[in-house]
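Containing PDB, C-alpha atoms, pLDDT in the B column: upload09.pdb.
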```pdb
ATOM      1  CA  MET A 267     129.364 167.080 169.609  1.00 83.00           C
ATOM      2  CA  LYS A 268     130.963 168.670 166.532  1.00 82.00           C
ATOM      3  CA  SER A 269     134.360 167.268 167.448  1.00 85.00           C
ATOM      4  CA  ILE A 270     132.952 163.728 167.861  1.00 87.00           C
ATOM      5  CA  ILE A 271     131.295 163.844 164.435  1.00 85.00           C
ATOM      6  CA  LEU A 272     134.409 165.349 162.892  1.00 81.00           C
ATOM      7  CA  CYS A 273     136.663 162.663 164.435  1.00 78.00           C
ATOM      8  CA  THR A 274     134.269 159.912 163.310  1.00 83.00           C
ATOM      9  CA  LEU A 275     134.220 161.229 159.727  1.00 78.00           C
ATOM     10  CA  LEU A 276     138.007 161.533 159.763  1.00 73.00           C
ATOM     11  CA  LEU A 277     138.337 157.964 161.027  1.00 71.00           C
ATOM     12  CA  ILE A 278     135.946 156.650 158.355  1.00 72.00           C
ATOM     13  CA  THR A 279     137.849 158.545 155.664  1.00 71.00           C
ATOM     14  CA  THR A 280     141.201 157.122 156.737  1.00 66.00           C
ATOM     15  CA  ILE A 281     139.830 153.586 156.921  1.00 62.00           C
ATOM     16  CA  TYR A 282     138.589 153.769 153.343  1.00 55.00           C
ATOM     17  CA  SER A 283     141.733 155.445 152.049  1.00 52.00           C
ATOM     18  CA  TYR A 284     144.059 152.800 153.524  1.00 50.00           C
ATOM     19  CA  SER A 285     141.955 149.746 152.756  1.00 48.00           C
ATOM     20  CA  GLN A 286     142.766 147.446 149.874  1.00 51.00           C
ATOM     21  CA  GLN A 287     140.277 147.098 147.083  1.00 52.00           C
ATOM     22  CA  ALA A 288     138.414 143.816 146.999  1.00 53.00           C
ATOM     23  CA  ASP A 289     138.990 143.193 143.288  1.00 56.00           C
ATOM     24  CA  SER A 290     142.644 144.219 143.185  1.00 55.00           C
ATOM     25  CA  LEU A 291     143.764 140.573 143.277  1.00 54.00           C
ATOM     26  CA  LYS A 292     142.030 139.924 139.955  1.00 60.00           C
ATOM     27  CA  LYS A 293     144.802 141.860 138.225  1.00 67.00           C
ATOM     28  CA  PHE A 294     147.389 139.219 139.104  1.00 67.00           C
ATOM     29  CA  THR A 295     145.617 136.183 137.734  1.00 73.00           C
ATOM     30  CA  ARG A 296     146.695 134.159 134.741  1.00 77.00           C
ATOM     31  CA  GLU A 297     143.397 134.886 132.956  1.00 81.00           C
ATOM     32  CA  TYR A 298     143.867 138.646 133.375  1.00 83.00           C
ATOM     33  CA  TYR A 299     147.312 138.588 131.762  1.00 85.00           C
ATOM     34  CA  LEU A 300     146.162 136.282 128.951  1.00 88.00           C
ATOM     35  CA  GLN A 301     143.153 138.500 128.197  1.00 91.00           C
ATOM     36  CA  GLU A 302     145.379 141.580 128.294  1.00 92.00           C
ATOM     37  CA  SER A 303     147.790 139.888 125.880  1.00 93.00           C
ATOM     38  CA  ILE A 304     144.964 138.983 123.485  1.00 94.00           C
ATOM     39  CA  ASN A 305     143.563 142.535 123.565  1.00 94.00           C
ATOM     40  CA  GLN A 306     146.976 144.077 122.989  1.00 95.00           C
ATOM     41  CA  LYS A 307     147.756 141.706 120.142  1.00 96.00           C
ATOM     42  CA  GLY A 308     144.446 142.580 118.446  1.00 95.00           C
ATOM     43  CA  GLY A 309     145.175 146.292 118.795  1.00 95.00           C
ATOM     44  CA  ALA A 310     148.691 145.747 117.502  1.00 96.00           C
ATOM     45  CA  TRP A 311     147.399 144.002 114.372  1.00 96.00           C
ATOM     46  CA  ILE A 312     144.918 146.821 113.748  1.00 96.00           C
ATOM     47  CA  LEU A 313     147.546 149.554 114.191  1.00 95.00           C
ATOM     48  CA  THR A 314     150.181 147.778 112.117  1.00 96.00           C
ATOM     49  CA  THR A 315     147.748 147.004 109.298  1.00 96.00           C
ATOM     50  CA  ALA A 316     146.339 150.539 109.261  1.00 95.00           C
ATOM     51  CA  GLY A 317     149.849 152.022 109.308  1.00 95.00           C
ATOM     52  CA  THR A 318     151.020 149.781 106.477  1.00 95.00           C
ATOM     53  CA  ILE A 319     147.962 150.525 104.338  1.00 94.00           C
ATOM     54  CA  GLY A 320     148.358 154.243 105.052  1.00 93.00           C
ATOM     55  CA  LEU A 321     152.032 154.090 104.126  1.00 93.00           C
ATOM     56  CA  VAL A 322     151.307 152.290 100.832  1.00 91.00           C
ATOM     57  CA  ILE A 323     148.511 154.729  99.920  1.00 91.00           C
ATOM     58  CA  THR A 324     150.650 157.749 100.822  1.00 89.00           C
ATOM     59  CA  PHE A 325     153.610 156.416  98.861  1.00 88.00           C
ATOM     60  CA  SER A 326     151.497 155.696  95.775  1.00 87.00           C
ATOM     61  CA  SER A 327     149.867 159.112  95.995  1.00 84.00           C
ATOM     62  CA  ASN A 328     153.267 160.760  96.347  1.00 83.00           C
ATOM     63  CA  VAL A 329     154.638 158.891  93.319  1.00 82.00           C
ATOM     64  CA  SER A 330     151.511 159.732  91.309  1.00 77.00           C
ATOM     65  CA  ASN A 331     151.819 163.395  92.216  1.00 74.00           C
ATOM     66  CA  SER A 332     155.509 163.391  91.278  1.00 72.00           C
ATOM     67  CA  LEU A 333     154.757 161.795  87.892  1.00 68.00           C
ATOM     68  CA  ASN A 334     151.984 164.294  87.247  1.00 65.00           C
ATOM     69  CA  MET A 335     154.327 167.145  88.114  1.00 60.00           C
ATOM     70  CA  ALA A 336     156.972 165.736  85.756  1.00 55.00           C
ATOM     71  CA  GLY A 337     154.449 165.464  82.941  1.00 54.00           C
ATOM     72  CA  TYR A 338     153.108 168.933  83.644  1.00 53.00           C
ATOM     73  CA  ASN A 339     156.597 170.421  83.629  1.00 51.00           C
ATOM     74  CA  THR A 340     157.350 168.729  80.296  1.00 48.00           C
ATOM     75  CA  VAL A 341     154.150 170.058  78.717  1.00 47.00           C
ATOM     76  CA  SER A 342     154.653 173.575  80.061  1.00 50.00           C
ATOM     77  CA  THR A 343     158.298 173.624  78.853  1.00 48.00           C
ATOM     78  CA  LEU A 344     157.252 172.484  75.354  1.00 48.00           C
ATOM     79  CA  ASP A 345     154.544 175.139  75.279  1.00 52.00           C
ATOM     80  CA  TYR A 346     157.089 177.760  76.265  1.00 50.00           C
ATOM     81  CA  LEU A 347     159.598 176.571  73.647  1.00 50.00           C
ATOM     82  CA  PHE A 348     157.102 176.455  70.775  1.00 54.00           C
ATOM     83  CA  GLY A 349     155.420 179.689  71.725  1.00 54.00           C
ATOM     84  CA  SER A 350     152.016 178.444  72.855  1.00 54.00           C
ATOM     85  CA  THR A 351     149.912 181.178  74.371  1.00 52.00           C
ATOM     86  CA  THR A 352     147.765 178.984  76.566  1.00 55.00           C
ATOM     87  CA  ASN A 353     148.220 179.872  80.174  1.00 54.00           C
ATOM     88  CA  MET A 354     147.868 176.777  82.272  1.00 54.00           C
ATOM     89  CA  PRO A 355     147.337 177.178  86.011  1.00 54.00           C
ATOM     90  CA  PRO A 356     150.240 175.970  88.138  1.00 56.00           C
ATOM     91  CA  HIS A 357     149.922 172.416  89.347  1.00 57.00           C
ATOM     92  CA  PRO A 358     149.572 172.323  93.158  1.00 63.00           C
ATOM     93  CA  ARG A 359     152.274 170.530  95.085  1.00 66.00           C
ATOM     94  CA  HIS A 360     151.166 168.386  98.014  1.00 71.00           C
ATOM     95  CA  SER A 361     153.171 167.768 101.130  1.00 82.00           C
ATOM     96  CA  TYR A 362     152.992 164.164 102.322  1.00 85.00           C
ATOM     97  CA  THR A 363     154.908 164.647 105.558  1.00 88.00           C
ATOM     98  CA  VAL A 364     151.904 164.296 107.886  1.00 91.00           C
ATOM     99  CA  PRO A 365     150.505 161.123 106.266  1.00 90.00           C
ATOM    100  CA  TYR A 366     153.979 159.547 106.299  1.00 92.00           C
ATOM    101  CA  LEU A 367     154.413 160.428 109.989  1.00 94.00           C
ATOM    102  CA  LEU A 368     150.951 159.155 110.958  1.00 94.00           C
ATOM    103  CA  SER A 369     151.439 155.901 109.085  1.00 94.00           C
ATOM    104  CA  SER A 370     154.864 155.392 110.631  1.00 94.00           C
ATOM    105  CA  ALA A 371     153.434 156.160 114.090  1.00 95.00           C
ATOM    106  CA  GLY A 372     150.741 153.522 113.525  1.00 95.00           C
ATOM    107  CA  ILE A 373     153.348 150.927 112.621  1.00 95.00           C
ATOM    108  CA  ALA A 374     155.539 151.904 115.591  1.00 95.00           C
ATOM    109  CA  GLY A 375     152.537 151.743 117.948  1.00 95.00           C
ATOM    110  CA  GLY A 376     151.677 148.296 116.621  1.00 96.00           C
ATOM    111  CA  ILE A 377     155.219 147.081 117.236  1.00 96.00           C
ATOM    112  CA  VAL A 378     155.131 148.431 120.799  1.00 95.00           C
ATOM    113  CA  LEU A 379     151.826 146.655 121.424  1.00 95.00           C
ATOM    114  CA  PHE A 380     153.229 143.392 120.045  1.00 96.00           C
ATOM    115  CA  ILE A 381     156.109 143.666 122.532  1.00 96.00           C
ATOM    116  CA  ALA A 382     153.732 144.444 125.423  1.00 95.00           C
ATOM    117  CA  ALA A 383     151.496 141.504 124.447  1.00 95.00           C
ATOM    118  CA  ALA A 384     154.489 139.168 124.501  1.00 94.00           C
ATOM    119  CA  LYS A 385     155.470 140.442 127.972  1.00 91.00           C
ATOM    120  CA  ASN A 386     151.939 139.907 129.285  1.00 89.00           C
ATOM    121  CA  LYS A 387     151.876 136.406 127.836  1.00 89.00           C
ATOM    122  CA  ARG A 388     155.166 135.641 129.601  1.00 85.00           C
ATOM    123  CA  LYS A 389     153.727 137.029 132.846  1.00 81.00           C
ATOM    124  CA  ALA A 390     150.659 134.836 132.440  1.00 80.00           C
ATOM    125  CA  LYS A 391     152.906 131.810 132.173  1.00 79.00           C
ATOM    126  CA  SER A 392     154.968 132.785 135.218  1.00 77.00           C
ATOM    127  CA  VAL A 393     152.325 134.122 137.624  1.00 66.00           C
ATOM    128  CA  SER A 394     151.208 132.023 140.567  1.00 70.00           C
ATOM    129  CA  LEU A 395     148.859 132.632 143.492  1.00 70.00           C
ATOM    130  CA  ASN A 396     149.286 130.753 146.772  1.00 70.00           C
ATOM    131  CA  LEU A 397     147.612 130.827 150.151  1.00 73.00           C
ATOM    132  CA  LYS A 398     150.111 131.026 152.986  1.00 75.00           C
ATOM    133  CA  MET A 399     149.426 131.106 156.696  1.00 78.00           C
ATOM    134  CA  GLU A 400     151.369 133.920 158.341  1.00 81.00           C
ATOM    135  CA  LYS A 401     151.595 134.667 162.053  1.00 82.00           C
ATOM    136  CA  ILE A 402     151.131 138.026 163.670  1.00 80.00           C
ATOM    137  CA  PRO A 403     152.348 138.813 167.184  1.00 82.00           C
ATOM    138  CA  VAL A 404     149.590 140.089 169.460  1.00 80.00           C
ATOM    139  CA  LEU A 405     150.225 141.548 172.877  1.00 79.00           C
ATOM    140  CA  GLN A 406     148.142 139.778 175.542  1.00 78.00           C
ATOM    141  CA  PRO A 407     148.060 140.354 179.301  1.00 80.00           C
ATOM    142  CA  LEU A 408     150.106 137.189 179.787  1.00 78.00           C
ATOM    143  CA  GLY A 409     152.605 137.931 177.003  1.00 80.00           C
ATOM    144  CA  ILE A 410     152.930 137.974 173.245  1.00 81.00           C
ATOM    145  CA  THR A 411     151.102 135.270 171.343  1.00 83.00           C
ATOM    146  CA  GLN A 412     151.291 134.414 167.652  1.00 83.00           C
ATOM    147  CA  TYR A 413     147.961 134.348 165.844  1.00 82.00           C
ATOM    148  CA  PRO A 414     147.783 132.823 162.355  1.00 83.00           C
ATOM    149  CA  TYR A 415     146.062 134.627 159.526  1.00 79.00           C
ATOM    150  CA  PRO A 416     145.758 133.733 155.840  1.00 81.00           C
ATOM    151  CA  ALA A 417     147.837 135.666 153.345  1.00 79.00           C
ATOM    152  CA  ILE A 418     147.776 135.502 149.594  1.00 77.00           C
ATOM    153  CA  VAL A 419     151.199 135.214 147.994  1.00 75.00           C
ATOM    154  CA  VAL A 420     151.631 136.439 144.438  1.00 71.00           C
ATOM    155  CA  ASN A 421     154.798 135.255 142.689  1.00 70.00           C
ATOM    156  CA  LEU A 422     155.827 137.078 139.543  1.00 66.00           C
ATOM    157  CA  LYS A 423     158.964 136.247 137.642  1.00 66.00           C
ATOM    158  CA  VAL A 424     160.206 139.583 136.357  1.00 62.00           C
ATOM    159  CA  LYS A 425     163.075 139.627 133.899  1.00 58.00           C
TER
END
```

Could I get this file's structure written as structure tokens?
Amino acid sequence: MKSIILCTLLLITTIYSYSQQADSLKKFTREYYLQESINQKGGAWILTTAGTIGLVITFSSNVSNSLNMAGYNTVSTLDYLFGSTTNMPPHPRHSYTVPYLLSSAGIAGGIVLFIAAAKNKRKAKSVSLNLKMEKIPVLQPLGITQYPYPAIVVNLKVK
């Protein structure tokens, strides 16, 4: 009895693992590729805009910090030359490497998404679904007969 139940469970498991999903054909439709292209283009605009704004803000902050350091160095040199006794704390230097890298990564990610959106739009224009009747040979007691069955043909033009 255990072996029958075990074989039945094994058979059920293999049937489900080798079966095709019912909604897997939705991924090859024109609407799917167009929607994917629209979503990717929206994400690309967001990433590119955020990266550009981040790059402009980081650049302006870097220039501002450099000008402040130049002015601070001029004042501290004049104080040293004329013998001022005021001790000014050192001006902190900021590293802008991480903001520059993050902004550049945002722009690069936006460009990659623009390219992917264009590819999906091209796929949407070139995809086609057809219904084709195929024949399968079936062994019968009198010989082999050909039984027709419907098959869905997906044509994709890949460049």

* In Å, with one decimal, what is the gap from CA of Asn386 (chain A) to CA of Tyr299 (chain A)? -> 5.4 Å

Listed atoms of region 372-375 of chain A, axis-aligned box, 5 Å per side: centre and edge lengths to one decimal in Å, as lines of an AutoDock Vina configuration file?
```
center_x = 153.1
center_y = 152.2
center_z = 115.3
size_x = 14.8
size_y = 12.6
size_z = 15.3
```

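For region 388-403 of chain A, the list of residues within 8 Å, based on all atoms listed in the file and with local chain neighbours fewer than 3 positions off taken out, reads Phe294, Thr295, Arg296, Glu297, Tyr298, Tyr299, Leu300, Ala384, Lys385, Ile410, Thr411, Gln412, Tyr413, Pro414, Tyr415, Pro416, Ala417, Ile418, Val419, Val420, Asn421, Leu422, Lys423 and Val424 of chain A.
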
Residues from last step as file, C-alpha atoms, as an mmCIF file, keeping the file's coordinate frame:
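Result went into out-v4.cif, see below:
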```
data_model
loop_
_atom_site.group_PDB
_atom_site.id
_atom_site.type_symbol
_atom_site.label_atom_id
_atom_site.label_comp_id
_atom_site.auth_asym_id
_atom_site.auth_seq_id
_atom_site.Cartn_x
_atom_site.Cartn_y
_atom_site.Cartn_z
ATOM 1 C CA PHE A 294 147.389 139.219 139.104
ATOM 2 C CA THR A 295 145.617 136.183 137.734
ATOM 3 C CA ARG A 296 146.695 134.159 134.741
ATOM 4 C CA GLU A 297 143.397 134.886 132.956
ATOM 5 C CA TYR A 298 143.867 138.646 133.375
ATOM 6 C CA TYR A 299 147.312 138.588 131.762
ATOM 7 C CA LEU A 300 146.162 136.282 128.951
ATOM 8 C CA ALA A 384 154.489 139.168 124.501
ATOM 9 C CA LYS A 385 155.470 140.442 127.972
ATOM 10 C CA ILE A 410 152.930 137.974 173.245
ATOM 11 C CA THR A 411 151.102 135.270 171.343
ATOM 12 C CA GLN A 412 151.291 134.414 167.652
ATOM 13 C CA TYR A 413 147.961 134.348 165.844
ATOM 14 C CA PRO A 414 147.783 132.823 162.355
ATOM 15 C CA TYR A 415 146.062 134.627 159.526
ATOM 16 C CA PRO A 416 145.758 133.733 155.840
ATOM 17 C CA ALA A 417 147.837 135.666 153.345
ATOM 18 C CA ILE A 418 147.776 135.502 149.594
ATOM 19 C CA VAL A 419 151.199 135.214 147.994
ATOM 20 C CA VAL A 420 151.631 136.439 144.438
ATOM 21 C CA ASN A 421 154.798 135.255 142.689
ATOM 22 C CA LEU A 422 155.827 137.078 139.543
ATOM 23 C CA LYS A 423 158.964 136.247 137.642
ATOM 24 C CA VAL A 424 160.206 139.583 136.357
#
```

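Taking CA of Ala371 (chain A) and CA of Gly308 (chain A) as the two end points, the separation is 16.9 Å.
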
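Coordinates place CA of Ile381 (chain A) at a distance of 23.8 Å from CA of Val322 (chain A).
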
* **Residue with smallest distance to Tyr362 (chain A) - pool A:Gly309, A:Gly409, A:Gly320, A:Gly375, counting all atoms listed in the file** => A:Gly320

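With distances taken over all atoms listed in the file, A:Ala374 is the one residue among A:Leu367, A:Ala374, A:Leu275, A:Val329 lying closest to Thr315 (chain A).
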
* To do: Evaluate the PyMOL selection byres ((chain A and resi 324-327) around 12) and record the selected residues as a ChimeraX atom specification, following the chain and residue labels used in the document.
  => /A:316-323,328-334,359-370

Write the selection just made, keeping C-alpha atoms, as a compact mmCIF listing (two decimals), in the frame of the given file?
```
# COMPACT_ATOMS: atom_id res chain seq x y z
CA ALA A 316 146.34 150.54 109.26
CA GLY A 317 149.85 152.02 109.31
CA THR A 318 151.02 149.78 106.48
CA ILE A 319 147.96 150.52 104.34
CA GLY A 320 148.36 154.24 105.05
CA LEU A 321 152.03 154.09 104.13
CA VAL A 322 151.31 152.29 100.83
CA ILE A 323 148.51 154.73 99.92
CA ASN A 328 153.27 160.76 96.35
CA VAL A 329 154.64 158.89 93.32
CA SER A 330 151.51 159.73 91.31
CA ASN A 331 151.82 163.40 92.22
CA SER A 332 155.51 163.39 91.28
CA LEU A 333 154.76 161.79 87.89
CA ASN A 334 151.98 164.29 87.25
CA ARG A 359 152.27 170.53 95.08
CA HIS A 360 151.17 168.39 98.01
CA SER A 361 153.17 167.77 101.13
CA TYR A 362 152.99 164.16 102.32
CA THR A 363 154.91 164.65 105.56
CA VAL A 364 151.90 164.30 107.89
CA PRO A 365 150.50 161.12 106.27
CA TYR A 366 153.98 159.55 106.30
CA LEU A 367 154.41 160.43 109.99
CA LEU A 368 150.95 159.16 110.96
CA SER A 369 151.44 155.90 109.08
CA SER A 370 154.86 155.39 110.63
```

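Between Ile312 (chain A) and the residues A:Ala382, A:Gly376, A:Thr274, A:Thr279, the shortest atom-to-atom distance, using only C-alpha atoms, involves A:Gly376.
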
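With distances taken over all atoms listed in the file, A:Gln306 is the one residue among A:Ser269, A:Thr314, A:Gln306, A:Gln406 lying closest to Leu379 (chain A).
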